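Below: the structure, in structure tokens.
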Amino acid sequence: DLGRAFANSTIVTVVAVAVNCVVPVLAGYAFAHLPFRGAKVVFYALLSTAAIPVAVTLIPLFLMAKSFPLAGGNDIFGAGGSGLLDTLGGLALPYLVGTMNIFLARQYFSGMDRGFAEAARIDGAGELYIFFRIYLPMARPLLALVAVFSFVGVWDDFLWPLVVSTSSQSTTVQLAITTFASTGNVKYGALMAATILISAPVVAIFMLNQRNFISGLSEGGIKG
């Protein structure tokens with residue numbers, strides 16, 4: 001059922017990209033322009049989690065999804081049901097906040113002039129107003145970078161959907177194409193056509209954001 005798998009992957013990817021374009025970007029802005037006690041310790045502690053192998057996190061993530069409160073028949077303590085297993089919410093859970101996206105946002109905003117914020121504060125503007133009306137419009141290359149990285153990472157992932165998905169209800173395109181290719185009688189024409197369909201969104205996202213994506217890479221490299 002490639003259509004169902006395509007819809008599942010689209011929903012999970014769009015949600016993950018949308019959240020990553022807000023939460024990690026806000027966190028990166030806070031680390032760069034809103035210093036607080038222990039900010040460096042917290043930032044480098046977050047950054048160190050990127051070095052943890054994915055295989056090590058599978059069991060904790062699985063237990064978190066299974067014990068998610070008030071989901072899948074679970075009570076408030078996360079017991080009694082299946083939680084977020086075999087659901088789109090469970091598929092999206094590990095992708096919602098990317099550590100490297102926080103790092104990219106922090107590096108990007110660190111290179112931006114603080115004078116804009118200081119002038120806005122003198123005029124009585126709040127921090128959210130400063131972020132959304134002043135800095136965010138200037139951060140289009142960063143948003144393109146985060147969006148492309150998040151999209152590719154979620155769309156192409158195979159291991160986590162394999163762990164959390166147990167039925168066609170939450171099958172992703174990567175699981176669907178693998179299942180199709182592992183059948184005894186493979187129709188290679190249909191397999192190649194499905195592969196092109198699955199690859200098309202990734203190519204389209206990159207082409208639509210190509211200019212901002214390359215600009216974000218170059219500016220991030222200079223500012224980093």
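Residue numbering restarts at 1 in every chain; chains get A, B, ... in the order shown in the structure tokens, and ligands count up from 1 in that same order.
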Close residues, Tyr44 (chain A) itself excluded, 12 Å, only C-alpha atoms, min 2 positions apart in chain, as number ranges by chain: A: 31, 38-42, 46-51, 99-100, 102-103, 106
I need the residues from that last selection saved to file as a short mmCIF file (atom, residue, chain, number, x, y, z; two decimals), in the first residue's frame (with C-alpha atoms), if you can.
data_model
loop_
_atom_site.label_atom_id
_atom_site.label_comp_id
_atom_site.auth_asym_id
_atom_site.auth_seq_id
_atom_site.Cartn_x
_atom_site.Cartn_y
_atom_site.Cartn_z
CA PHE A 31 21.58 30.44 23.57
CA GLY A 38 24.90 27.77 32.96
CA ALA A 39 24.03 28.40 29.30
CA LYS A 40 27.32 27.00 28.02
CA VAL A 41 27.04 23.89 30.19
CA VAL A 42 23.50 23.23 28.97
CA LEU A 46 22.86 19.04 24.50
CA LEU A 47 25.51 18.99 21.81
CA SER A 48 27.18 15.93 23.34
CA THR A 49 24.00 13.91 22.86
CA ALA A 50 24.58 14.09 19.09
CA ALA A 51 27.56 11.75 19.59
CA THR A 99 20.16 18.70 18.52
CA MET A 100 22.18 19.68 15.46
CA ILE A 102 19.88 23.87 17.82
CA PHE A 103 23.62 24.02 17.16
CA ARG A 106 22.94 29.10 17.80
#
Chain A: residues DSSP assigns to alpha helix (DSSP H), reported as JSON, numbers by chain: {"A": [2, 3, 4, 5, 6, 7, 8, 9, 10, 11, 12, 13, 14, 15, 16, 17, 18, 19, 20, 23, 24, 25, 26, 27, 28, 29, 30, 31, 32, 33, 39, 40, 41, 42, 43, 44, 45, 46, 47, 48, 54, 55, 56, 57, 58, 59, 60, 61, 62, 63, 64, 65, 66, 88, 89, 90, 91, 92, 99, 100, 101, 102, 103, 104, 105, 106, 107, 108, 109, 110, 115, 116, 117, 118, 119, 120, 121, 122, 127, 128, 129, 130, 140, 141, 142, 143, 144, 145, 146, 147, 148, 149, 150, 151, 152, 153, 154, 155, 159, 160, 161, 162, 163, 164, 173, 174, 175, 176, 177, 178, 179, 180, 181, 188, 189, 190, 191, 192, 193, 194, 195, 196, 197, 198, 199, 200, 201, 202, 203, 204, 205, 206, 207, 208, 210, 211, 212, 213, 214, 215, 216, 217, 218, 219, 220, 221, 222, 223]}
Exercise: Thr172 (chain A) partners within 8 Å, only C-alpha atoms, chain neighbours under 4 positions left out, as a VMD selection string: chain A and resid 5 to 6 8 to 9 161 176
Residue with smallest distance to Asp86 (chain A) - pool A:Val56, A:Ile122, A:Val164, A:Leu34, counting only C-alpha atoms: A:Val164
Nearest to Thr178 (chain A), chosen from A:Tyr129, A:Leu191, A:Trp160, A:Arg114, with only C-alpha atoms counted in the distances: A:Leu191
Phe68 (chain A) environment, 8 Å, only C-alpha atoms, sequence neighbours closer than 2 positions dropped, as a list in words: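 The residues satisfying every condition are Met64, Ala65, Lys66, Leu70, Ala71, Asn74, Gly78, Gly83 and Leu84 of chain A.
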Region 130-189 of chain A residues near region 12-24 of chain A within 7 Å, closest pair each, using only C-alpha atoms, as a tab-separated table:
residue	atom	partner	partner_atom	distance
A:Leu143	CA	A:Cys21	CA	6.1
A:Val146	CA	A:Cys21	CA	6.5
A:Ala147	CA	A:Val17	CA	5.6
A:Ser150	CA	A:Val17	CA	5.6
A:Phe151	CA	A:Thr13	CA	6.0
A:Val154	CA	A:Thr13	CA	5.8
A:Trp155	CA	A:Thr13	CA	6.2
Between CA of Leu58 (chain A) and CA of Ile177 (chain A), distance in Å (one decimal):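 Computed distance, CA of Leu58 (chain A) to CA of Ile177 (chain A), equals 22.1 Å.
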